[in-house]
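final25.cif, holding mmCIF, N, CA, C and O atoms:
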```
data_structure
#
loop_
_atom_site.label_atom_id
_atom_site.label_comp_id
_atom_site.auth_asym_id
_atom_site.auth_seq_id
_atom_site.Cartn_x
_atom_site.Cartn_y
_atom_site.Cartn_z
N MET A 238 19.50 -61.11 -37.52
CA MET A 238 18.88 -60.25 -38.51
C MET A 238 19.90 -59.20 -38.95
O MET A 238 20.58 -58.62 -38.13
N THR A 239 19.99 -58.98 -40.24
CA THR A 239 20.95 -58.02 -40.77
C THR A 239 20.25 -57.13 -41.79
O THR A 239 19.38 -57.57 -42.51
N LEU A 240 20.65 -55.88 -41.84
CA LEU A 240 20.08 -54.91 -42.76
C LEU A 240 21.19 -54.05 -43.30
O LEU A 240 22.07 -53.63 -42.57
N TRP A 241 21.17 -53.79 -44.61
CA TRP A 241 22.14 -52.87 -45.22
C TRP A 241 21.41 -51.61 -45.61
O TRP A 241 20.38 -51.64 -46.25
N GLU A 242 21.94 -50.48 -45.19
CA GLU A 242 21.41 -49.17 -45.58
C GLU A 242 22.59 -48.41 -46.17
O GLU A 242 23.41 -47.91 -45.43
N GLY A 243 22.67 -48.33 -47.48
CA GLY A 243 23.84 -47.70 -48.08
C GLY A 243 25.07 -48.48 -47.72
O GLY A 243 25.13 -49.68 -47.93
N LEU A 244 26.04 -47.84 -47.12
CA LEU A 244 27.26 -48.51 -46.71
C LEU A 244 27.25 -48.87 -45.23
O LEU A 244 28.26 -49.28 -44.69
N VAL A 245 26.11 -48.76 -44.58
CA VAL A 245 26.02 -49.04 -43.15
C VAL A 245 25.41 -50.42 -42.95
O VAL A 245 24.38 -50.75 -43.52
N HIS A 246 26.07 -51.22 -42.13
CA HIS A 246 25.62 -52.58 -41.83
C HIS A 246 25.04 -52.60 -40.43
O HIS A 246 25.69 -52.13 -39.49
N ALA A 247 23.83 -53.11 -40.28
CA ALA A 247 23.18 -53.17 -38.97
C ALA A 247 22.74 -54.60 -38.67
O ALA A 247 22.24 -55.29 -39.56
N ASN A 248 22.96 -55.03 -37.44
CA ASN A 248 22.53 -56.35 -37.02
C ASN A 248 22.28 -56.36 -35.52
O ASN A 248 22.55 -55.37 -34.84
N LEU A 249 21.76 -57.47 -35.03
CA LEU A 249 21.47 -57.61 -33.60
C LEU A 249 22.44 -58.60 -32.97
O LEU A 249 22.75 -59.64 -33.56
N PHE A 250 22.92 -58.28 -31.77
CA PHE A 250 23.71 -59.21 -30.96
C PHE A 250 22.83 -59.71 -29.84
O PHE A 250 22.05 -58.95 -29.25
N ARG A 251 22.98 -60.99 -29.51
CA ARG A 251 22.37 -61.54 -28.30
C ARG A 251 23.37 -61.37 -27.16
O ARG A 251 24.55 -61.18 -27.39
N SER A 252 22.91 -61.47 -25.94
CA SER A 252 23.78 -61.22 -24.80
C SER A 252 24.92 -62.23 -24.68
O SER A 252 25.91 -61.95 -24.02
N ASP A 253 24.81 -63.38 -25.32
CA ASP A 253 25.89 -64.37 -25.26
C ASP A 253 26.83 -64.29 -26.47
O ASP A 253 27.77 -65.09 -26.58
N ASP A 254 26.63 -63.32 -27.37
CA ASP A 254 27.51 -63.15 -28.52
C ASP A 254 28.83 -62.50 -28.09
O ASP A 254 28.84 -61.42 -27.49
N ALA A 255 29.94 -63.14 -28.43
CA ALA A 255 31.27 -62.62 -28.09
C ALA A 255 31.52 -61.27 -28.75
O ALA A 255 32.25 -60.43 -28.21
N GLU A 256 30.89 -61.01 -29.90
CA GLU A 256 31.09 -59.75 -30.61
C GLU A 256 30.67 -58.55 -29.76
O GLU A 256 31.26 -57.48 -29.86
N TRP A 257 29.64 -58.72 -28.95
CA TRP A 257 29.18 -57.64 -28.06
C TRP A 257 30.30 -57.26 -27.09
O TRP A 257 30.67 -56.10 -26.97
N ARG A 258 30.86 -58.26 -26.42
CA ARG A 258 31.93 -57.99 -25.46
C ARG A 258 33.17 -57.45 -26.17
O ARG A 258 33.85 -56.55 -25.65
N ASP A 259 33.49 -57.96 -27.35
CA ASP A 259 34.65 -57.49 -28.10
C ASP A 259 34.50 -56.02 -28.49
O ASP A 259 35.46 -55.25 -28.41
N LEU A 260 33.32 -55.62 -28.92
CA LEU A 260 33.10 -54.23 -29.30
C LEU A 260 33.29 -53.30 -28.10
O LEU A 260 33.88 -52.24 -28.22
N LEU A 261 32.82 -53.71 -26.93
CA LEU A 261 32.96 -52.88 -25.75
C LEU A 261 34.43 -52.63 -25.39
O LEU A 261 34.77 -51.61 -24.81
N LYS A 262 35.30 -53.55 -25.77
CA LYS A 262 36.74 -53.37 -25.53
C LYS A 262 37.31 -52.23 -26.39
O LYS A 262 38.36 -51.70 -26.08
N ARG A 263 36.60 -51.88 -27.46
CA ARG A 263 37.09 -50.87 -28.40
C ARG A 263 36.47 -49.49 -28.18
O ARG A 263 36.71 -48.58 -28.97
N CYS A 264 35.66 -49.32 -27.15
CA CYS A 264 35.04 -48.01 -26.92
C CYS A 264 34.83 -47.77 -25.43
O CYS A 264 34.81 -48.70 -24.64
N TRP A 265 34.66 -46.48 -25.09
CA TRP A 265 34.35 -46.13 -23.71
C TRP A 265 32.93 -46.59 -23.40
O TRP A 265 32.02 -46.39 -24.21
N HIS A 266 32.76 -47.22 -22.26
CA HIS A 266 31.44 -47.69 -21.83
C HIS A 266 31.44 -47.81 -20.32
O HIS A 266 32.48 -47.66 -19.67
N ASP A 267 30.28 -48.07 -19.77
CA ASP A 267 30.21 -48.39 -18.34
C ASP A 267 29.45 -49.70 -18.19
O ASP A 267 29.14 -50.36 -19.18
N CYS A 268 29.13 -50.06 -16.97
CA CYS A 268 28.51 -51.37 -16.73
C CYS A 268 27.15 -51.51 -17.40
O CYS A 268 26.70 -52.61 -17.69
N HIS A 269 26.48 -50.40 -17.69
CA HIS A 269 25.12 -50.46 -18.24
C HIS A 269 25.07 -50.94 -19.68
O HIS A 269 23.98 -51.26 -20.18
N GLN A 270 26.20 -50.97 -20.37
CA GLN A 270 26.22 -51.49 -21.74
C GLN A 270 26.68 -52.95 -21.79
O GLN A 270 26.67 -53.55 -22.85
N LYS A 271 27.08 -53.52 -20.67
CA LYS A 271 27.60 -54.89 -20.66
C LYS A 271 26.47 -55.90 -20.75
O LYS A 271 25.37 -55.69 -20.21
N PRO A 272 26.73 -57.03 -21.43
CA PRO A 272 25.69 -58.06 -21.57
C PRO A 272 25.14 -58.54 -20.23
O PRO A 272 23.94 -58.80 -20.11
N GLY A 273 25.99 -58.64 -19.21
CA GLY A 273 25.52 -59.11 -17.90
C GLY A 273 24.48 -58.20 -17.28
O GLY A 273 23.53 -58.65 -16.65
N TRP A 274 24.66 -56.88 -17.46
CA TRP A 274 23.68 -55.92 -16.94
C TRP A 274 22.33 -56.14 -17.64
O TRP A 274 21.28 -56.12 -17.00
N LEU A 275 22.40 -56.36 -18.94
CA LEU A 275 21.16 -56.58 -19.70
C LEU A 275 20.51 -57.90 -19.32
O LEU A 275 19.28 -57.99 -19.23
N ARG A 276 21.32 -58.95 -19.06
CA ARG A 276 20.75 -60.23 -18.64
C ARG A 276 20.05 -60.07 -17.28
O ARG A 276 18.97 -60.64 -17.07
N ALA A 277 20.64 -59.30 -16.38
CA ALA A 277 19.98 -59.05 -15.09
C ALA A 277 18.68 -58.29 -15.30
O ALA A 277 17.67 -58.57 -14.64
N ALA A 278 18.68 -57.36 -16.24
CA ALA A 278 17.47 -56.59 -16.52
C ALA A 278 16.38 -57.46 -17.13
O ALA A 278 15.19 -57.15 -16.95
N GLU A 279 16.76 -58.52 -17.82
CA GLU A 279 15.75 -59.46 -18.33
C GLU A 279 14.86 -59.95 -17.18
O GLU A 279 13.65 -60.06 -17.32
N HIS A 280 15.49 -60.26 -16.06
CA HIS A 280 14.76 -60.78 -14.89
C HIS A 280 13.97 -59.68 -14.18
O HIS A 280 12.86 -59.91 -13.73
N ALA A 281 14.55 -58.50 -14.10
CA ALA A 281 13.89 -57.40 -13.39
C ALA A 281 12.78 -56.76 -14.20
O ALA A 281 11.72 -56.45 -13.67
N ASP A 282 13.03 -56.54 -15.51
CA ASP A 282 12.10 -55.79 -16.35
C ASP A 282 11.35 -56.66 -17.36
O ASP A 282 10.45 -56.18 -18.03
N GLY A 283 11.76 -57.91 -17.50
CA GLY A 283 11.19 -58.77 -18.52
C GLY A 283 11.81 -58.47 -19.86
O GLY A 283 12.53 -57.48 -20.03
N GLY A 284 11.59 -59.32 -20.82
CA GLY A 284 12.11 -59.10 -22.16
C GLY A 284 13.35 -59.91 -22.45
O GLY A 284 13.79 -60.75 -21.66
N ILE A 285 13.92 -59.63 -23.61
CA ILE A 285 15.12 -60.32 -24.09
C ILE A 285 16.22 -59.28 -24.28
O ILE A 285 16.00 -58.26 -24.93
N ALA A 286 17.39 -59.57 -23.73
CA ALA A 286 18.54 -58.67 -23.86
C ALA A 286 19.14 -58.78 -25.26
O ALA A 286 19.50 -59.86 -25.71
N LEU A 287 19.24 -57.64 -25.93
CA LEU A 287 19.83 -57.57 -27.27
C LEU A 287 20.66 -56.29 -27.36
O LEU A 287 20.51 -55.39 -26.53
N ALA A 288 21.48 -56.21 -28.38
CA ALA A 288 22.17 -54.96 -28.69
C ALA A 288 22.09 -54.76 -30.19
O ALA A 288 22.35 -55.67 -30.97
N VAL A 289 21.71 -53.57 -30.59
CA VAL A 289 21.72 -53.20 -32.01
C VAL A 289 23.14 -52.74 -32.32
O VAL A 289 23.69 -51.88 -31.64
N HIS A 290 23.72 -53.34 -33.34
CA HIS A 290 25.10 -53.02 -33.75
C HIS A 290 25.05 -52.45 -35.17
O HIS A 290 24.41 -53.02 -36.05
N VAL A 291 25.71 -51.32 -35.37
CA VAL A 291 25.76 -50.68 -36.69
C VAL A 291 27.21 -50.35 -36.99
O VAL A 291 27.92 -49.83 -36.13
N SER A 292 27.65 -50.64 -38.20
CA SER A 292 29.04 -50.35 -38.60
C SER A 292 29.08 -49.80 -40.02
O SER A 292 28.29 -50.21 -40.87
N ASP A 293 30.01 -48.89 -40.25
CA ASP A 293 30.26 -48.42 -41.61
C ASP A 293 31.58 -48.99 -42.14
O ASP A 293 32.09 -48.57 -43.15
N GLY A 294 32.13 -49.97 -41.42
CA GLY A 294 33.39 -50.58 -41.79
C GLY A 294 34.58 -49.98 -41.06
O GLY A 294 35.63 -50.60 -40.97
N LYS A 295 34.42 -48.77 -40.54
CA LYS A 295 35.49 -48.11 -39.78
C LYS A 295 35.06 -47.80 -38.36
O LYS A 295 35.85 -47.90 -37.44
N HIS A 296 33.81 -47.41 -38.20
CA HIS A 296 33.28 -47.04 -36.89
C HIS A 296 32.09 -47.92 -36.58
O HIS A 296 31.42 -48.43 -37.48
N GLU A 297 31.82 -48.06 -35.28
CA GLU A 297 30.72 -48.90 -34.85
C GLU A 297 29.91 -48.20 -33.77
O GLU A 297 30.45 -47.45 -32.97
N LEU A 298 28.62 -48.50 -33.77
CA LEU A 298 27.70 -48.02 -32.75
C LEU A 298 27.02 -49.23 -32.15
O LEU A 298 26.69 -50.18 -32.87
N LEU A 299 26.81 -49.22 -30.84
CA LEU A 299 26.12 -50.29 -30.15
C LEU A 299 25.06 -49.68 -29.25
O LEU A 299 25.35 -48.75 -28.49
N VAL A 300 23.83 -50.19 -29.35
CA VAL A 300 22.72 -49.73 -28.51
C VAL A 300 22.11 -50.94 -27.80
O VAL A 300 21.40 -51.72 -28.43
N PRO A 301 22.41 -51.13 -26.51
CA PRO A 301 21.79 -52.23 -25.77
C PRO A 301 20.31 -51.96 -25.54
O PRO A 301 19.93 -50.83 -25.22
N ILE A 302 19.50 -52.99 -25.71
CA ILE A 302 18.05 -52.84 -25.52
C ILE A 302 17.46 -54.08 -24.85
O ILE A 302 18.06 -55.15 -24.86
N LEU A 303 16.29 -53.91 -24.29
CA LEU A 303 15.44 -55.02 -23.88
C LEU A 303 14.26 -55.04 -24.84
O LEU A 303 13.57 -54.05 -24.99
N ARG A 304 14.07 -56.18 -25.49
CA ARG A 304 12.93 -56.35 -26.39
C ARG A 304 11.83 -57.02 -25.57
O ARG A 304 11.97 -58.15 -25.13
N ARG A 305 10.73 -56.29 -25.37
CA ARG A 305 9.64 -56.79 -24.52
C ARG A 305 8.40 -57.04 -25.35
O ARG A 305 7.97 -56.19 -26.12
N GLU A 306 7.82 -58.21 -25.15
CA GLU A 306 6.56 -58.57 -25.80
C GLU A 306 5.42 -57.86 -25.08
O GLU A 306 5.33 -57.89 -23.86
N LEU A 307 4.55 -57.20 -25.85
CA LEU A 307 3.41 -56.50 -25.28
C LEU A 307 2.10 -57.24 -25.52
O LEU A 307 1.07 -56.85 -24.98
N GLY A 308 2.14 -58.28 -26.34
CA GLY A 308 0.96 -59.05 -26.65
C GLY A 308 0.45 -58.76 -28.04
O GLY A 308 0.76 -57.71 -28.62
N ALA A 309 -0.29 -59.70 -28.59
CA ALA A 309 -0.88 -59.57 -29.93
C ALA A 309 0.17 -59.29 -31.01
O ALA A 309 -0.08 -58.54 -31.94
N GLY A 310 1.38 -59.86 -30.83
CA GLY A 310 2.43 -59.67 -31.83
C GLY A 310 3.12 -58.32 -31.79
O GLY A 310 3.89 -57.98 -32.67
N ILE A 311 2.83 -57.53 -30.76
CA ILE A 311 3.42 -56.20 -30.63
C ILE A 311 4.53 -56.26 -29.58
O ILE A 311 4.41 -56.96 -28.57
N TRP A 312 5.61 -55.53 -29.82
CA TRP A 312 6.72 -55.48 -28.88
C TRP A 312 7.29 -54.08 -28.84
O TRP A 312 6.99 -53.25 -29.69
N ASP A 313 8.08 -53.80 -27.83
CA ASP A 313 8.80 -52.54 -27.77
C ASP A 313 10.26 -52.81 -27.43
O ASP A 313 10.64 -53.93 -27.12
N ALA A 314 11.06 -51.77 -27.52
CA ALA A 314 12.48 -51.85 -27.16
C ALA A 314 12.74 -50.71 -26.18
O ALA A 314 12.37 -49.57 -26.44
N THR A 315 13.36 -51.05 -25.07
CA THR A 315 13.65 -50.05 -24.05
C THR A 315 15.05 -50.26 -23.50
O THR A 315 15.64 -51.33 -23.69
N SER A 316 15.56 -49.26 -22.85
CA SER A 316 16.85 -49.43 -22.17
C SER A 316 16.57 -49.97 -20.77
O SER A 316 15.55 -49.65 -20.17
N PRO A 317 17.47 -50.80 -20.27
CA PRO A 317 17.24 -51.35 -18.94
C PRO A 317 17.41 -50.30 -17.86
O PRO A 317 18.40 -49.57 -17.85
N TYR A 318 16.44 -50.20 -17.00
CA TYR A 318 16.48 -49.32 -15.84
C TYR A 318 16.88 -47.90 -16.21
O TYR A 318 17.55 -47.20 -15.49
N GLY A 319 16.51 -47.46 -17.42
CA GLY A 319 16.75 -46.09 -17.83
C GLY A 319 18.17 -45.77 -18.26
O GLY A 319 18.49 -44.62 -18.49
N TYR A 320 19.03 -46.76 -18.35
CA TYR A 320 20.42 -46.54 -18.71
C TYR A 320 20.74 -47.21 -20.06
O TYR A 320 19.85 -47.47 -20.84
N ALA A 321 21.99 -47.48 -20.26
CA ALA A 321 22.50 -48.22 -21.42
C ALA A 321 22.29 -47.48 -22.73
O ALA A 321 21.83 -48.04 -23.72
N GLY A 322 22.64 -46.24 -22.77
CA GLY A 322 22.59 -45.47 -24.01
C GLY A 322 23.59 -46.00 -25.02
O GLY A 322 24.38 -46.89 -24.73
N PRO A 323 23.58 -45.45 -26.21
CA PRO A 323 24.48 -45.93 -27.26
C PRO A 323 25.94 -45.60 -26.96
O PRO A 323 26.24 -44.62 -26.27
N VAL A 324 26.83 -46.43 -27.49
CA VAL A 324 28.27 -46.18 -27.44
C VAL A 324 28.81 -46.26 -28.86
O VAL A 324 28.26 -46.96 -29.70
N VAL A 325 29.89 -45.51 -29.11
CA VAL A 325 30.50 -45.46 -30.44
C VAL A 325 31.99 -45.70 -30.28
O VAL A 325 32.62 -45.20 -29.35
N THR A 326 32.56 -46.47 -31.21
CA THR A 326 34.00 -46.72 -31.18
C THR A 326 34.75 -45.53 -31.75
O THR A 326 34.31 -44.90 -32.71
N GLY A 327 35.88 -45.25 -31.15
CA GLY A 327 36.80 -44.24 -31.67
C GLY A 327 36.20 -42.88 -31.94
O GLY A 327 35.11 -42.56 -31.49
N ALA A 328 36.94 -42.09 -32.68
CA ALA A 328 36.49 -40.75 -33.09
C ALA A 328 35.74 -40.89 -34.40
O ALA A 328 36.30 -40.79 -35.48
N ALA A 329 34.46 -41.16 -34.31
CA ALA A 329 33.65 -41.39 -35.51
C ALA A 329 33.55 -40.13 -36.35
O ALA A 329 33.57 -39.01 -35.84
N ARG A 330 33.43 -40.33 -37.64
CA ARG A 330 33.30 -39.21 -38.59
C ARG A 330 32.01 -38.45 -38.32
O ARG A 330 31.06 -38.99 -37.74
N ASP A 331 31.98 -37.20 -38.74
CA ASP A 331 30.77 -36.39 -38.60
C ASP A 331 29.60 -37.09 -39.29
O ASP A 331 29.74 -37.57 -40.41
N GLY A 332 28.49 -37.15 -38.62
CA GLY A 332 27.28 -37.73 -39.19
C GLY A 332 27.13 -39.22 -38.96
O GLY A 332 26.05 -39.77 -39.19
N PHE A 333 28.20 -39.90 -38.52
CA PHE A 333 28.10 -41.35 -38.35
C PHE A 333 27.02 -41.74 -37.34
O PHE A 333 26.21 -42.61 -37.61
N ALA A 334 27.01 -41.10 -36.17
CA ALA A 334 26.06 -41.48 -35.14
C ALA A 334 24.61 -41.31 -35.62
O ALA A 334 23.77 -42.16 -35.38
N ASP A 335 24.34 -40.21 -36.33
CA ASP A 335 22.98 -39.99 -36.86
C ASP A 335 22.60 -41.07 -37.87
O ASP A 335 21.51 -41.64 -37.81
N GLU A 336 23.50 -41.37 -38.80
CA GLU A 336 23.24 -42.41 -39.81
C GLU A 336 23.07 -43.76 -39.14
O GLU A 336 22.18 -44.54 -39.50
N ALA A 337 23.93 -44.04 -38.17
CA ALA A 337 23.88 -45.33 -37.49
C ALA A 337 22.58 -45.49 -36.70
O ALA A 337 21.97 -46.57 -36.70
N MET A 338 22.13 -44.44 -36.04
CA MET A 338 20.87 -44.53 -35.30
C MET A 338 19.69 -44.72 -36.25
O MET A 338 18.75 -45.46 -35.94
N GLN A 339 19.73 -44.08 -37.42
CA GLN A 339 18.67 -44.29 -38.41
C GLN A 339 18.66 -45.74 -38.88
O GLN A 339 17.59 -46.34 -39.04
N ALA A 340 19.84 -46.30 -39.11
CA ALA A 340 19.92 -47.71 -39.51
C ALA A 340 19.43 -48.62 -38.39
O ALA A 340 18.77 -49.63 -38.65
N ALA A 341 19.73 -48.28 -37.13
CA ALA A 341 19.28 -49.07 -36.00
C ALA A 341 17.75 -49.08 -35.92
O ALA A 341 17.13 -50.13 -35.74
N VAL A 342 17.15 -47.94 -36.09
CA VAL A 342 15.68 -47.84 -36.05
C VAL A 342 15.09 -48.64 -37.21
O VAL A 342 14.10 -49.37 -37.04
N SER A 343 15.67 -48.54 -38.39
CA SER A 343 15.18 -49.31 -39.55
C SER A 343 15.26 -50.81 -39.27
O SER A 343 14.33 -51.55 -39.60
N LEU A 344 16.35 -51.25 -38.69
CA LEU A 344 16.50 -52.66 -38.36
C LEU A 344 15.42 -53.10 -37.39
O LEU A 344 14.79 -54.13 -37.57
N LEU A 345 15.17 -52.33 -36.36
CA LEU A 345 14.15 -52.70 -35.37
C LEU A 345 12.76 -52.71 -35.99
O LEU A 345 11.92 -53.53 -35.61
N ARG A 346 12.52 -51.84 -36.94
CA ARG A 346 11.21 -51.86 -37.63
C ARG A 346 11.02 -53.10 -38.47
O ARG A 346 9.90 -53.56 -38.67
N GLU A 347 12.10 -53.63 -39.00
CA GLU A 347 12.03 -54.86 -39.80
C GLU A 347 11.59 -56.01 -38.92
O GLU A 347 11.02 -56.95 -39.30
#
```

This entry written out as C-alpha cells:
Amino acid sequence: MTLWEGLVHANLFRSDDAEWRDLLKRCWHDCHQKPGWLRAAEHADGGIALAVHVSDGKHELLVPILRRELGAGIWDATSPYGYAGPVVTGAARDGFADEAMQAAVSLLRE
C-alpha cells in the first residue's frame, strides 16, 4: 500500500522486505526495530509484523508495528512489547518527523 501526501511518500514494509533491513543500516536503531524482533512479537502478541515507511526523497522515517485483528473488520496497530518507536535517517530537516508521522497515520487509516 502506498500513499502520497504532498512530497512525502508512505508505504508499508513486511518483515521479509529487504528494504526494512537496508533502511536500518542508514540510521541509529536497536534490536526493537529489527524485523526479527517483530516476527517474534507476532507469536507473543499476535498480529502481523509491519513497518510504516515514510520518505521525502532525502530523509526517511520507519515505525515498526504489529497489526492486530480485533474482529468485525476492526484492527489496531501497536508496538511490540512497548518498544520499537520510530527511527529517522540522518539529520532530518526541521518538521520532517511531524510530517512523516502524519503521513504514517494517514496511510494506516487508508

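Here atom O of Leu345 in chain A stands at a distance of 25.3 Å from atom C of Trp265 in chain A.
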
Handout entry: Residue list (strand (DSSP E), DSSP) for range 262-336 of chain A, as a ChimeraX atom specification
Key = /A:285-292,297-308,311-315,324-325

Practice task
Report the residues retrieved by the PyMOL selection byres ((chain A and resi 315) around 6) from the displayed file, expressed as JSON, numbers by chain.
Solution key: {"A": [301, 302, 303, 304, 305, 313, 314, 316, 317]}

Practice task
Would you mind writing down, as JSON, numbers by chain, each residue of chain A that DSSP on the backbone assigns to helix (DSSP H, G or I)?
Solution key: {"A": [255, 256, 257, 258, 259, 260, 261, 268, 269, 270, 272, 273, 274, 275, 276, 277, 278, 279, 280, 281, 282, 317, 318, 319, 333, 334, 335, 336, 337, 338, 339, 340, 341, 342, 343, 344, 345, 346]}

Practice task
May I have the residues within 6 Å of Pro323 in chain A as a ChimeraX atom specification, using only N, CA, C and O atoms and disregarding those fewer than 2 positions away in the same chain?
Solution key: /A:299-301,321,325

Problem - Among the residues A:Arg251, A:Arg276, A:Val291, A:Lys271, the one that comes closest to Gln339 in chain A [using only C-alpha atoms] - result: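 Among A:Arg251, A:Arg276, A:Val291, A:Lys271, it is A:Val291 that comes nearest to Gln339 in chain A.
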
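Between atom C of Ala328 in chain A and CA of His296 in chain A the interatomic distance comes to 7.1 Å.
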